[in-house]
$ cat model38.pdb   # PDB, C-alpha atoms and all ligand atoms
ATOM      1  CA  MET Y   1      61.469 -19.897 -59.873  1.00  0.00           C
ATOM      2  CA  ARG Y   2      58.584 -18.771 -57.790  1.00  0.00           C
ATOM      3  CA  CYS Y   3      55.690 -21.187 -58.164  1.00  0.00           C
ATOM      4  CA  CYS Y   4      52.118 -20.017 -57.670  1.00  0.00           C
ATOM      5  CA  ILE Y   5      49.026 -21.966 -56.697  1.00  0.00           C
ATOM      6  CA  ASN Y   6      45.776 -20.421 -57.915  1.00  0.00           C
ATOM      7  CA  PRO Y   7      42.764 -22.386 -56.621  1.00  0.00           C
ATOM      8  CA  SER Y   8      39.716 -22.391 -58.869  1.00  0.00           C
ATOM      9  CA  ILE Y   9      36.520 -21.295 -57.172  1.00  0.00           C
ATOM     10  CA  LEU Y  10      34.633 -23.448 -59.703  1.00  0.00           C
ATOM     11  CA  SER Y  11      34.977 -26.177 -57.066  1.00  0.00           C
ATOM     12  CA  ALA Y  12      33.847 -23.890 -54.206  1.00  0.00           C
ATOM     13  CA  ASP Y  13      30.415 -23.632 -52.627  1.00  0.00           C
ATOM     14  CA  PHE Y  14      28.808 -20.834 -54.664  1.00  0.00           C
ATOM     15  CA  VAL Y  15      26.325 -20.061 -51.885  1.00  0.00           C
ATOM     16  CA  ASN Y  16      29.150 -19.192 -49.496  1.00  0.00           C
ATOM     17  CA  LEU Y  17      31.690 -17.554 -51.763  1.00  0.00           C
ATOM     18  CA  GLN Y  18      33.086 -15.134 -49.199  1.00  0.00           C
ATOM     19  CA  ALA Y  19      33.801 -17.911 -46.710  1.00  0.00           C
ATOM     20  CA  GLU Y  20      35.204 -20.054 -49.518  1.00  0.00           C
ATOM     21  CA  LEU Y  21      37.603 -17.244 -50.456  1.00  0.00           C
ATOM     22  CA  ASP Y  22      38.827 -17.016 -46.875  1.00  0.00           C
ATOM     23  CA  ARG Y  23      39.654 -20.736 -46.948  1.00  0.00           C
ATOM     24  CA  ILE Y  24      42.217 -20.158 -49.716  1.00  0.00           C
ATOM     25  CA  ALA Y  25      43.803 -16.979 -48.344  1.00  0.00           C
ATOM     26  CA  ALA Y  26      47.189 -18.771 -48.369  1.00  0.00           C
ATOM     27  CA  ALA Y  27      47.047 -19.042 -52.173  1.00  0.00           C
ATOM     28  CA  ASP Y  28      48.710 -16.690 -54.644  1.00  0.00           C
ATOM     29  CA  ALA Y  29      45.538 -15.749 -56.513  1.00  0.00           C
ATOM     30  CA  VAL Y  30      41.976 -16.941 -56.903  1.00  0.00           C
ATOM     31  CA  HIS Y  31      41.226 -18.413 -60.331  1.00  0.00           C
ATOM     32  CA  VAL Y  32      37.802 -17.292 -61.526  1.00  0.00           C
ATOM     33  CA  ASP Y  33      36.364 -19.438 -64.323  1.00  0.00           C
ATOM     34  CA  VAL Y  34      33.950 -17.474 -66.498  1.00  0.00           C
ATOM     35  CA  MET Y  35      31.946 -19.688 -68.890  1.00  0.00           C
ATOM     36  CA  ASP Y  36      29.246 -18.548 -71.300  1.00  0.00           C
ATOM     37  CA  ASN Y  37      27.667 -21.846 -72.411  1.00  0.00           C
ATOM     38  CA  HIS Y  38      28.862 -21.132 -75.977  1.00  0.00           C
ATOM     39  CA  PHE Y  39      32.645 -21.398 -75.969  1.00  0.00           C
ATOM     40  CA  VAL Y  40      32.238 -24.259 -73.485  1.00  0.00           C
ATOM     41  CA  PRO Y  41      29.152 -26.333 -72.627  1.00  0.00           C
ATOM     42  CA  ASN Y  42      28.765 -24.860 -69.150  1.00  0.00           C
ATOM     43  CA  LEU Y  43      27.642 -21.606 -67.566  1.00  0.00           C
ATOM     44  CA  THR Y  44      29.194 -20.112 -64.448  1.00  0.00           C
ATOM     45  CA  LEU Y  45      29.384 -16.442 -63.569  1.00  0.00           C
ATOM     46  CA  GLY Y  46      29.939 -13.108 -65.241  1.00  0.00           C
ATOM     47  CA  LEU Y  47      31.270  -9.649 -64.571  1.00  0.00           C
ATOM     48  CA  PRO Y  48      28.866  -8.625 -61.769  1.00  0.00           C
ATOM     49  CA  VAL Y  49      29.787 -11.657 -59.650  1.00  0.00           C
ATOM     50  CA  ALA Y  50      33.491 -11.381 -60.520  1.00  0.00           C
ATOM     51  CA  SER Y  51      33.397  -7.727 -59.392  1.00  0.00           C
ATOM     52  CA  ARG Y  52      31.901  -8.711 -56.041  1.00  0.00           C
ATOM     53  CA  ILE Y  53      34.522 -11.419 -55.588  1.00  0.00           C
ATOM     54  CA  GLN Y  54      37.147  -8.787 -56.406  1.00  0.00           C
ATOM     55  CA  ALA Y  55      35.686  -6.530 -53.698  1.00  0.00           C
ATOM     56  CA  VAL Y  56      35.919  -9.095 -50.901  1.00  0.00           C
ATOM     57  CA  SER Y  57      38.843 -11.347 -51.878  1.00  0.00           C
ATOM     58  CA  PRO Y  58      41.942 -11.189 -49.665  1.00  0.00           C
ATOM     59  CA  ILE Y  59      44.103 -12.222 -52.663  1.00  0.00           C
ATOM     60  CA  PRO Y  60      44.256 -11.046 -56.317  1.00  0.00           C
ATOM     61  CA  LEU Y  61      41.924 -12.417 -58.986  1.00  0.00           C
ATOM     62  CA  ASP Y  62      43.057 -14.436 -62.006  1.00  0.00           C
ATOM     63  CA  ALA Y  63      40.134 -14.510 -64.453  1.00  0.00           C
ATOM     64  CA  HIS Y  64      39.939 -17.289 -67.043  1.00  0.00           C
ATOM     65  CA  LEU Y  65      37.427 -16.278 -69.685  1.00  0.00           C
ATOM     66  CA  MET Y  66      36.020 -19.308 -71.496  1.00  0.00           C
ATOM     67  CA  ILE Y  67      33.731 -17.159 -73.599  1.00  0.00           C
ATOM     68  CA  GLU Y  68      33.029 -16.192 -77.192  1.00  0.00           C
ATOM     69  CA  ASP Y  69      33.924 -12.663 -78.250  1.00  0.00           C
ATOM     70  CA  PRO Y  70      36.450 -11.819 -75.526  1.00  0.00           C
ATOM     71  CA  ASP Y  71      37.378  -8.788 -77.671  1.00  0.00           C
ATOM     72  CA  ARG Y  72      34.089  -7.310 -76.492  1.00  0.00           C
ATOM     73  CA  TRP Y  73      33.839  -8.602 -72.923  1.00  0.00           C
ATOM     74  CA  ALA Y  74      37.349  -8.973 -71.501  1.00  0.00           C
ATOM     75  CA  PRO Y  75      38.170  -5.262 -71.051  1.00  0.00           C
ATOM     76  CA  GLY Y  76      35.326  -4.948 -68.540  1.00  0.00           C
ATOM     77  CA  PHE Y  77      37.096  -7.410 -66.242  1.00  0.00           C
ATOM     78  CA  ALA Y  78      40.226  -5.252 -66.361  1.00  0.00           C
ATOM     79  CA  ASP Y  79      38.141  -2.161 -65.624  1.00  0.00           C
ATOM     80  CA  ALA Y  80      36.695  -3.949 -62.574  1.00  0.00           C
ATOM     81  CA  GLY Y  81      40.235  -4.124 -61.176  1.00  0.00           C
ATOM     82  CA  LEU Y  82      40.998  -7.812 -61.680  1.00  0.00           C
ATOM     83  CA  ALA Y  83      44.750  -8.347 -61.522  1.00  0.00           C
ATOM     84  CA  SER Y  84      44.915 -10.766 -64.445  1.00  0.00           C
ATOM     85  CA  VAL Y  85      42.583 -11.451 -67.369  1.00  0.00           C
ATOM     86  CA  THR Y  86      43.143 -14.493 -69.589  1.00  0.00           C
ATOM     87  CA  PHE Y  87      41.176 -15.037 -72.796  1.00  0.00           C
ATOM     88  CA  HIS Y  88      41.229 -17.921 -75.269  1.00  0.00           C
ATOM     89  CA  ALA Y  89      43.256 -17.744 -78.470  1.00  0.00           C
ATOM     90  CA  GLU Y  90      40.545 -19.743 -80.263  1.00  0.00           C
ATOM     91  CA  ALA Y  91      37.893 -17.154 -79.418  1.00  0.00           C
ATOM     92  CA  ALA Y  92      39.694 -13.844 -79.894  1.00  0.00           C
ATOM     93  CA  THR Y  93      39.490 -11.981 -83.191  1.00  0.00           C
ATOM     94  CA  ALA Y  94      42.356  -9.561 -82.482  1.00  0.00           C
ATOM     95  CA  PRO Y  95      44.479 -11.017 -79.665  1.00  0.00           C
ATOM     96  CA  ILE Y  96      47.287  -8.452 -79.900  1.00  0.00           C
ATOM     97  CA  LYS Y  97      44.874  -5.522 -79.767  1.00  0.00           C
ATOM     98  CA  LEU Y  98      42.999  -7.125 -76.889  1.00  0.00           C
ATOM     99  CA  ALA Y  99      46.147  -7.888 -74.865  1.00  0.00           C
ATOM    100  CA  ARG Y 100      47.277  -4.282 -75.272  1.00  0.00           C
ATOM    101  CA  GLU Y 101      43.867  -3.039 -74.222  1.00  0.00           C
ATOM    102  CA  LEU Y 102      43.921  -5.184 -71.063  1.00  0.00           C
ATOM    103  CA  ARG Y 103      47.396  -3.930 -70.142  1.00  0.00           C
ATOM    104  CA  ALA Y 104      46.381  -0.315 -70.819  1.00  0.00           C
ATOM    105  CA  ARG Y 105      43.546  -0.816 -68.337  1.00  0.00           C
ATOM    106  CA  GLY Y 106      45.971  -2.022 -65.676  1.00  0.00           C
ATOM    107  CA  ALA Y 107      45.504  -5.805 -65.847  1.00  0.00           C
ATOM    108  CA  LYS Y 108      47.962  -8.506 -66.743  1.00  0.00           C
ATOM    109  CA  ALA Y 109      47.056 -10.134 -70.062  1.00  0.00           C
ATOM    110  CA  GLY Y 110      46.893 -13.917 -70.454  1.00  0.00           C
ATOM    111  CA  LEU Y 111      46.466 -16.103 -73.528  1.00  0.00           C
ATOM    112  CA  ALA Y 112      44.826 -19.520 -73.052  1.00  0.00           C
ATOM    113  CA  LEU Y 113      45.141 -22.517 -75.376  1.00  0.00           C
ATOM    114  CA  ARG Y 114      42.815 -25.510 -75.457  1.00  0.00           C
ATOM    115  CA  PRO Y 115      44.624 -28.878 -75.257  1.00  0.00           C
ATOM    116  CA  ALA Y 116      44.676 -29.374 -79.044  1.00  0.00           C
ATOM    117  CA  THR Y 117      45.638 -25.782 -79.918  1.00  0.00           C
ATOM    118  CA  PRO Y 118      49.325 -25.468 -80.838  1.00  0.00           C
ATOM    119  CA  VAL Y 119      51.453 -22.817 -79.151  1.00  0.00           C
ATOM    120  CA  GLU Y 120      53.683 -22.196 -82.189  1.00  0.00           C
ATOM    121  CA  PRO Y 121      51.466 -19.574 -83.923  1.00  0.00           C
ATOM    122  CA  TYR Y 122      51.706 -17.424 -80.786  1.00  0.00           C
ATOM    123  CA  LEU Y 123      55.420 -17.646 -80.029  1.00  0.00           C
ATOM    124  CA  ASP Y 124      56.201 -14.349 -81.769  1.00  0.00           C
ATOM    125  CA  LEU Y 125      53.650 -12.653 -79.515  1.00  0.00           C
ATOM    126  CA  LEU Y 126      55.120 -13.634 -76.142  1.00  0.00           C
ATOM    127  CA  HIS Y 127      56.084 -10.047 -75.303  1.00  0.00           C
ATOM    128  CA  GLU Y 128      52.436  -9.035 -75.668  1.00  0.00           C
ATOM    129  CA  PHE Y 129      51.395 -11.303 -72.784  1.00  0.00           C
ATOM    130  CA  ASP Y 130      52.098 -11.704 -69.075  1.00  0.00           C
ATOM    131  CA  MET Y 131      50.910 -15.298 -69.012  1.00  0.00           C
ATOM    132  CA  ILE Y 132      50.353 -18.267 -71.318  1.00  0.00           C
ATOM    133  CA  LEU Y 133      47.768 -20.762 -70.053  1.00  0.00           C
ATOM    134  CA  VAL Y 134      48.073 -24.294 -71.381  1.00  0.00           C
ATOM    135  CA  MET Y 135      44.820 -26.121 -70.669  1.00  0.00           C
ATOM    136  CA  THR Y 136      45.546 -29.604 -69.364  1.00  0.00           C
ATOM    137  CA  VAL Y 137      41.888 -30.689 -69.670  1.00  0.00           C
ATOM    138  CA  GLU Y 138      39.209 -29.701 -72.160  1.00  0.00           C
ATOM    139  CA  PRO Y 139      37.786 -26.508 -70.657  1.00  0.00           C
ATOM    140  CA  GLY Y 140      34.275 -26.577 -69.220  1.00  0.00           C
ATOM    141  CA  PHE Y 141      34.278 -28.635 -66.056  1.00  0.00           C
ATOM    142  CA  GLY Y 142      36.293 -29.218 -62.910  1.00  0.00           C
ATOM    143  CA  GLY Y 143      37.288 -32.659 -61.703  1.00  0.00           C
ATOM    144  CA  GLN Y 144      38.662 -34.043 -64.986  1.00  0.00           C
ATOM    145  CA  SER Y 145      41.906 -36.002 -65.404  1.00  0.00           C
ATOM    146  CA  PHE Y 146      45.139 -34.274 -66.389  1.00  0.00           C
ATOM    147  CA  LEU Y 147      45.994 -34.793 -70.082  1.00  0.00           C
ATOM    148  CA  ASP Y 148      49.629 -35.899 -70.289  1.00  0.00           C
ATOM    149  CA  VAL Y 149      49.460 -35.343 -74.030  1.00  0.00           C
ATOM    150  CA  THR Y 150      49.834 -31.595 -73.307  1.00  0.00           C
ATOM    151  CA  LEU Y 151      53.262 -31.997 -71.655  1.00  0.00           C
ATOM    152  CA  PRO Y 152      55.319 -31.575 -74.877  1.00  0.00           C
ATOM    153  CA  LYS Y 153      53.495 -28.297 -75.553  1.00  0.00           C
ATOM    154  CA  ILE Y 154      54.287 -27.078 -72.037  1.00  0.00           C
ATOM    155  CA  ARG Y 155      57.958 -27.937 -72.663  1.00  0.00           C
ATOM    156  CA  ARG Y 156      58.009 -26.073 -75.978  1.00  0.00           C
ATOM    157  CA  ALA Y 157      56.259 -23.058 -74.440  1.00  0.00           C
ATOM    158  CA  ARG Y 158      58.798 -22.977 -71.586  1.00  0.00           C
ATOM    159  CA  ALA Y 159      61.742 -23.177 -73.991  1.00  0.00           C
ATOM    160  CA  ALA Y 160      60.309 -20.350 -76.077  1.00  0.00           C
ATOM    161  CA  ILE Y 161      59.610 -18.170 -73.028  1.00  0.00           C
ATOM    162  CA  ASP Y 162      63.127 -18.685 -71.694  1.00  0.00           C
ATOM    163  CA  GLY Y 163      64.580 -17.995 -75.136  1.00  0.00           C
ATOM    164  CA  SER Y 164      62.542 -14.812 -75.581  1.00  0.00           C
ATOM    165  CA  GLY Y 165      63.634 -13.169 -72.344  1.00  0.00           C
ATOM    166  CA  ALA Y 166      60.015 -12.063 -71.840  1.00  0.00           C
ATOM    167  CA  ALA Y 167      58.628 -12.096 -68.275  1.00  0.00           C
ATOM    168  CA  VAL Y 168      55.823 -14.536 -69.036  1.00  0.00           C
ATOM    169  CA  GLN Y 169      54.250 -16.898 -66.522  1.00  0.00           C
ATOM    170  CA  LEU Y 170      53.355 -20.377 -67.745  1.00  0.00           C
ATOM    171  CA  GLN Y 171      50.090 -21.566 -66.224  1.00  0.00           C
ATOM    172  CA  VAL Y 172      48.477 -24.995 -66.377  1.00  0.00           C
ATOM    173  CA  ASP Y 173      44.820 -25.588 -65.576  1.00  0.00           C
ATOM    174  CA  GLY Y 174      42.926 -28.833 -65.131  1.00  0.00           C
ATOM    175  CA  GLY Y 175      43.529 -32.052 -63.244  1.00  0.00           C
ATOM    176  CA  VAL Y 176      46.363 -30.647 -61.126  1.00  0.00           C
ATOM    177  CA  THR Y 177      47.032 -32.891 -58.119  1.00  0.00           C
ATOM    178  CA  GLU Y 178      50.042 -33.665 -55.919  1.00  0.00           C
ATOM    179  CA  GLU Y 179      50.935 -36.296 -58.515  1.00  0.00           C
ATOM    180  CA  THR Y 180      50.398 -34.437 -61.811  1.00  0.00           C
ATOM    181  CA  ILE Y 181      51.932 -31.169 -60.585  1.00  0.00           C
ATOM    182  CA  VAL Y 182      55.308 -32.924 -60.635  1.00  0.00           C
ATOM    183  CA  ARG Y 183      55.074 -33.608 -64.381  1.00  0.00           C
ATOM    184  CA  ALA Y 184      53.681 -30.146 -65.136  1.00  0.00           C
ATOM    185  CA  ALA Y 185      56.483 -28.450 -63.179  1.00  0.00           C
ATOM    186  CA  GLU Y 186      59.127 -30.683 -64.766  1.00  0.00           C
ATOM    187  CA  ALA Y 187      57.783 -29.628 -68.174  1.00  0.00           C
ATOM    188  CA  GLY Y 188      58.172 -25.974 -67.179  1.00  0.00           C
ATOM    189  CA  ALA Y 189      54.894 -24.675 -65.777  1.00  0.00           C
ATOM    190  CA  ASN Y 190      55.186 -22.319 -62.798  1.00  0.00           C
ATOM    191  CA  VAL Y 191      51.566 -21.274 -62.122  1.00  0.00           C
ATOM    192  CA  PHE Y 192      49.145 -24.051 -61.228  1.00  0.00           C
ATOM    193  CA  VAL Y 193      45.367 -23.873 -61.121  1.00  0.00           C
ATOM    194  CA  ALA Y 194      43.845 -26.451 -58.798  1.00  0.00           C
ATOM    195  CA  GLY Y 195      40.118 -26.743 -58.189  1.00  0.00           C
ATOM    196  CA  SER Y 196      39.018 -30.088 -56.825  1.00  0.00           C
ATOM    197  CA  SER Y 197      42.395 -30.963 -55.286  1.00  0.00           C
ATOM    198  CA  VAL Y 198      42.244 -27.820 -53.114  1.00  0.00           C
ATOM    199  CA  TYR Y 199      38.529 -27.461 -52.348  1.00  0.00           C
ATOM    200  CA  GLY Y 200      38.109 -31.232 -52.099  1.00  0.00           C
ATOM    201  CA  ALA Y 201      40.819 -31.410 -49.442  1.00  0.00           C
ATOM    202  CA  GLU Y 202      39.981 -31.491 -45.753  1.00  0.00           C
ATOM    203  CA  ASP Y 203      42.365 -28.592 -45.175  1.00  0.00           C
ATOM    204  CA  PRO Y 204      42.595 -26.400 -48.306  1.00  0.00           C
ATOM    205  CA  GLU Y 205      45.366 -24.264 -46.819  1.00  0.00           C
ATOM    206  CA  ARG Y 206      47.521 -27.342 -46.244  1.00  0.00           C
ATOM    207  CA  ALA Y 207      46.738 -28.594 -49.768  1.00  0.00           C
ATOM    208  CA  ILE Y 208      47.897 -25.252 -51.221  1.00  0.00           C
ATOM    209  CA  THR Y 209      51.134 -25.306 -49.233  1.00  0.00           C
ATOM    210  CA  ARG Y 210      51.864 -28.903 -50.210  1.00  0.00           C
ATOM    211  CA  LEU Y 211      51.243 -28.254 -53.915  1.00  0.00           C
ATOM    212  CA  ARG Y 212      53.483 -25.170 -53.835  1.00  0.00           C
ATOM    213  CA  ASP Y 213      56.245 -27.015 -51.954  1.00  0.00           C
ATOM    214  CA  ILE Y 214      56.156 -29.889 -54.473  1.00  0.00           C
ATOM    215  CA  ALA Y 215      56.322 -27.529 -57.469  1.00  0.00           C
ATOM    216  CA  GLU Y 216      59.127 -25.469 -55.960  1.00  0.00           C
ATOM    217  CA  SER Y 217      61.167 -28.554 -55.128  1.00  0.00           C
ATOM    218  CA  VAL Y 218      60.826 -29.736 -58.743  1.00  0.00           C
ATOM    219  CA  TRP Y 219      62.039 -26.333 -59.922  1.00  0.00           C
ATOM    220  CA  ALA Y 220      64.900 -26.345 -57.435  1.00  0.00           C
ATOM    221  CA  GLY Y 221      65.930 -29.857 -58.502  1.00  0.00           C
ATOM    222  CA  ALA Y 222      65.267 -31.223 -61.965  1.00  0.00           C
ATOM    223  CA  ARG Y 223      64.663 -27.877 -63.617  1.00  0.00           C
ATOM    224  CA  SER Y 224      67.582 -25.842 -62.251  1.00  0.00           C
TER
HETATM  225  C1  LIG J   1      38.047 -26.045 -66.373  1.00  0.00           C
HETATM  226  C2  LIG J   1      38.469 -24.847 -65.573  1.00  0.00           C
HETATM  227  C3  LIG J   1      39.398 -25.184 -64.481  1.00  0.00           C
HETATM  228  C4  LIG J   1      38.841 -26.135 -63.473  1.00  0.00           C
HETATM  229  C5  LIG J   1      39.957 -26.830 -62.752  1.00  0.00           C
HETATM  230  O1  LIG J   1      37.439 -25.644 -67.535  1.00  0.00           O
HETATM  231  O2  LIG J   1      39.093 -23.894 -66.381  1.00  0.00           O
HETATM  232  O3  LIG J   1      39.892 -24.016 -63.853  1.00  0.00           O
HETATM  233  O4  LIG J   1      38.003 -25.542 -62.562  1.00  0.00           O
HETATM  234  O5  LIG J   1      39.402 -27.776 -61.897  1.00  0.00           O
HETATM  235  P1  LIG J   1      40.177 -29.101 -61.495  1.00  0.00           P
HETATM  236  O6  LIG J   1      41.430 -28.693 -60.760  1.00  0.00           O
HETATM  237  O7  LIG J   1      39.212 -29.820 -60.636  1.00  0.00           O
HETATM  238  O8  LIG J   1      40.514 -29.834 -62.770  1.00  0.00           O
HETATM  239 ZN    ZN J   2      40.253 -22.251 -65.449  1.00  0.00          ZN
END
$ encode --input "model38.pdb" --output "structure tokens"
Amino acid sequence: MRCCINPSILSADFVNLQAELDRIAAADAVHVDVMDNHFVPNLTLGLPVASRIQAVSPIPLDAHLMIEDPDRWAPGFADAGLASVTFHAEAATAPIKLARELRARGAKAGLALRPATPVEPYLDLLHEFDMILVMTVEPGFGGQSFLDVTLPKIRRARAAIDGSGAAVQLQVDGGVTEETIVRAAEAGANVFVAGSSVYGAEDPERAITRLRDIAESVWAGARS
């Protein structure tokens, strides 16, 4: 299984975004956390800034929309050319319609679940999505500790994805380090968002490579 490391620019220096993007050019995608101060108690950036990041980034963008009313706002991110747009199940009114709209506009469609949101109600919809994001911290802030209580859900999501035959990536986001990535990969995740453990490292490129190597060795060993 190909494992992807998507660093979160939430932990980057927002005054020097272009330089911060260049520091993670070895990553698979840049994870862009959009927060509206309603769905989560924090405010980050919106479509105009995401579009500028899209224009200068050497790697594709993976937007994570932690916003109310994604039915209204998410399609704009697909129109701006972002490779992947993930919205929250708890916030969407019509997730199937929205996923289809994102795909029709050329983006991959992702469905995110807060730590306490079960995956079971969405298992019949796997073919509608390119990615399921299991939050491994409560969304809103970087630098929190990985919630091991989410591991059984990651396992159940992986089993369902494998059983469905759908080409769905399983992403985890929050508290991913060289230690916790082992448990997340063992449980079946293959796309890993890492904010503070990449941008907090002395050499972000080396941190990305190490995280990817660890995840791929778990997949090649315990999971194969
Ligand atoms: C949290 C965000 C995450 C966060 C990850 O709400 O969705 O993407 O930036 O940061 P770390 O890796 O520091 O937990
Ligand atoms: Zn995120």
$ atom_distance --input "model38.pdb" --atom1 "atom CA of Y:Gln18" --atom2 "atom CA of Y:Val85"
20.8 Å
$ closest_residue --input "model38.pdb" --among "Y:Ala25, Y:Leu211, Y:Leu151, Y:Ala166" --to "ligand LIG 1 (chain J)" --atoms "all atoms listed in the file"
Y:Leu211
$ residues_around --input "model38.pdb" --residues "stretch 180-186 of chain Y" --least-positions-apart "3" --cutoff "7 Å" --atoms "all atoms listed in the file" --output "list in words"
Phe146, Leu151, Val176, Thr177, Ala189, Asn190, Ile214, Ala215, Val218, Trp219, Ala222 and Arg223 of chain Y
$ residues_around --input "model38.pdb" --residues "Y:Val30" --least-positions-apart "6" --cutoff "10 Å" --atoms "all atoms listed in the file" --output "JSON list (two decimals) with C-alpha atoms, in the frame of the given file"
[["chain", "number", "residue", "atom", "x", "y", "z"],
["Y", 5, "ILE", "CA", 49.03, -21.97, -56.70],
["Y", 6, "ASN", "CA", 45.78, -20.42, -57.92],
["Y", 7, "PRO", "CA", 42.76, -22.39, -56.62],
["Y", 8, "SER", "CA", 39.72, -22.39, -58.87],
["Y", 9, "ILE", "CA", 36.52, -21.30, -57.17],
["Y", 21, "LEU", "CA", 37.60, -17.24, -50.46],
["Y", 24, "ILE", "CA", 42.22, -20.16, -49.72],
["Y", 53, "ILE", "CA", 34.52, -11.42, -55.59],
["Y", 54, "GLN", "CA", 37.15, -8.79, -56.41],
["Y", 57, "SER", "CA", 38.84, -11.35, -51.88],
["Y", 58, "PRO", "CA", 41.94, -11.19, -49.66],
["Y", 59, "ILE", "CA", 44.10, -12.22, -52.66],
["Y", 60, "PRO", "CA", 44.26, -11.05, -56.32],
["Y", 61, "LEU", "CA", 41.92, -12.42, -58.99],
["Y", 62, "ASP", "CA", 43.06, -14.44, -62.01],
["Y", 63, "ALA", "CA", 40.13, -14.51, -64.45],
["Y", 193, "VAL", "CA", 45.37, -23.87, -61.12],
["Y", 194, "ALA", "CA", 43.84, -26.45, -58.80]]
$ axis_aligned_box --input "model38.pdb" --around "stretch 128-134 of chain Y" --padding-each-side "4 Å" --output "JSON"
{"center_x": 50.1, "center_y": -16.7, "center_z": -72.3, "size_x": 12.7, "size_y": 23.3, "size_z": 14.7}
$ resolve_selection --input "model38.pdb" --expression "the PyMOL selection byres (((not hetatm)) within 6 of (chain J and resi 2))" --output "PyMOL selection string"
chain Y and resi 33+64+173
$ closest_residue --input "model38.pdb" --among "Y:Asp148, Y:Glu90, Y:Asp28, Y:Asp13" --to "Y:Tyr122" --atoms "all atoms listed in the file"
Y:Glu90
$ closest_residue --input "model38.pdb" --among "Y:Gly110, Y:Gly76, Y:Gly200, Y:Gly174" --to "ligand LIG 1 (chain J)" --atoms "only C-alpha atoms and all ligand atoms"
Y:Gly174
$ resolve_selection --input "model38.pdb" --expression "the PyMOL selection byres (((chain Y and resi 106) around 12) and not hetatm)" --output "PDB file with C-alpha atoms, keeping the file's coordinate frame"
ATOM      1  CA  PRO Y  75      38.170  -5.262 -71.051  1.00  0.00           C
ATOM      2  CA  GLY Y  76      35.326  -4.948 -68.540  1.00  0.00           C
ATOM      3  CA  PHE Y  77      37.096  -7.410 -66.242  1.00  0.00           C
ATOM      4  CA  ALA Y  78      40.226  -5.252 -66.361  1.00  0.00           C
ATOM      5  CA  ASP Y  79      38.141  -2.161 -65.624  1.00  0.00           C
ATOM      6  CA  ALA Y  80      36.695  -3.949 -62.574  1.00  0.00           C
ATOM      7  CA  GLY Y  81      40.235  -4.124 -61.176  1.00  0.00           C
ATOM      8  CA  LEU Y  82      40.998  -7.812 -61.680  1.00  0.00           C
ATOM      9  CA  ALA Y  83      44.750  -8.347 -61.522  1.00  0.00           C
ATOM     10  CA  SER Y  84      44.915 -10.766 -64.445  1.00  0.00           C
ATOM     11  CA  VAL Y  85      42.583 -11.451 -67.369  1.00  0.00           C
ATOM     12  CA  ALA Y  99      46.147  -7.888 -74.865  1.00  0.00           C
ATOM     13  CA  ARG Y 100      47.277  -4.282 -75.272  1.00  0.00           C
ATOM     14  CA  GLU Y 101      43.867  -3.039 -74.222  1.00  0.00           C
ATOM     15  CA  LEU Y 102      43.921  -5.184 -71.063  1.00  0.00           C
ATOM     16  CA  ARG Y 103      47.396  -3.930 -70.142  1.00  0.00           C
ATOM     17  CA  ALA Y 104      46.381  -0.315 -70.819  1.00  0.00           C
ATOM     18  CA  ARG Y 105      43.546  -0.816 -68.337  1.00  0.00           C
ATOM     19  CA  ALA Y 107      45.504  -5.805 -65.847  1.00  0.00           C
ATOM     20  CA  LYS Y 108      47.962  -8.506 -66.743  1.00  0.00           C
ATOM     21  CA  ALA Y 109      47.056 -10.134 -70.062  1.00  0.00           C
ATOM     22  CA  ASP Y 130      52.098 -11.704 -69.075  1.00  0.00           C
TER      23      ASP Y 130
END
$ atom_distance --input "model38.pdb" --atom1 "atom CA of Y:Ala160" --atom2 "atom C3 of ligand LIG 1 (chain J)"
24.4 Å
$ residues_around --input "model38.pdb" --residues "Y:Glu138" --least-positions-apart "5" --cutoff "9 Å" --atoms "all atoms listed in the file" --output "PyMOL selection string"
chain Y and resi 40+114-116+144+147+174
$ write_last_selection --input "model38.pdb" --atoms "C-alpha atoms" --output "PDB file, in the frame of the given file"
ATOM      1  CA  VAL Y  40      32.238 -24.259 -73.485  1.00  0.00           C
ATOM      2  CA  ARG Y 114      42.815 -25.510 -75.457  1.00  0.00           C
ATOM      3  CA  PRO Y 115      44.624 -28.878 -75.257  1.00  0.00           C
ATOM      4  CA  ALA Y 116      44.676 -29.374 -79.044  1.00  0.00           C
ATOM      5  CA  GLN Y 144      38.662 -34.043 -64.986  1.00  0.00           C
ATOM      6  CA  LEU Y 147      45.994 -34.793 -70.082  1.00  0.00           C
ATOM      7  CA  GLY Y 174      42.926 -28.833 -65.131  1.00  0.00           C
TER       8      GLY Y 174
END
$ closest_residue --input "model38.pdb" --among "Y:Thr150, Y:Ser164, Y:Ser145, Y:Gln171" --to "ligand LIG 1 (chain J)" --atoms "all atoms listed in the file"
Y:Ser145
$ atom_distance --input "model38.pdb" --atom1 "atom CA of Y:His127" --atom2 "atom CA of Y:Ala91"
20.0 Å
$ closest_residue --input "model38.pdb" --among "Y:His38, Y:His31, Y:Arg23, Y:Arg52" --to "ligand LIG 1 (chain J)" --atoms "all atoms listed in the file"
Y:His31
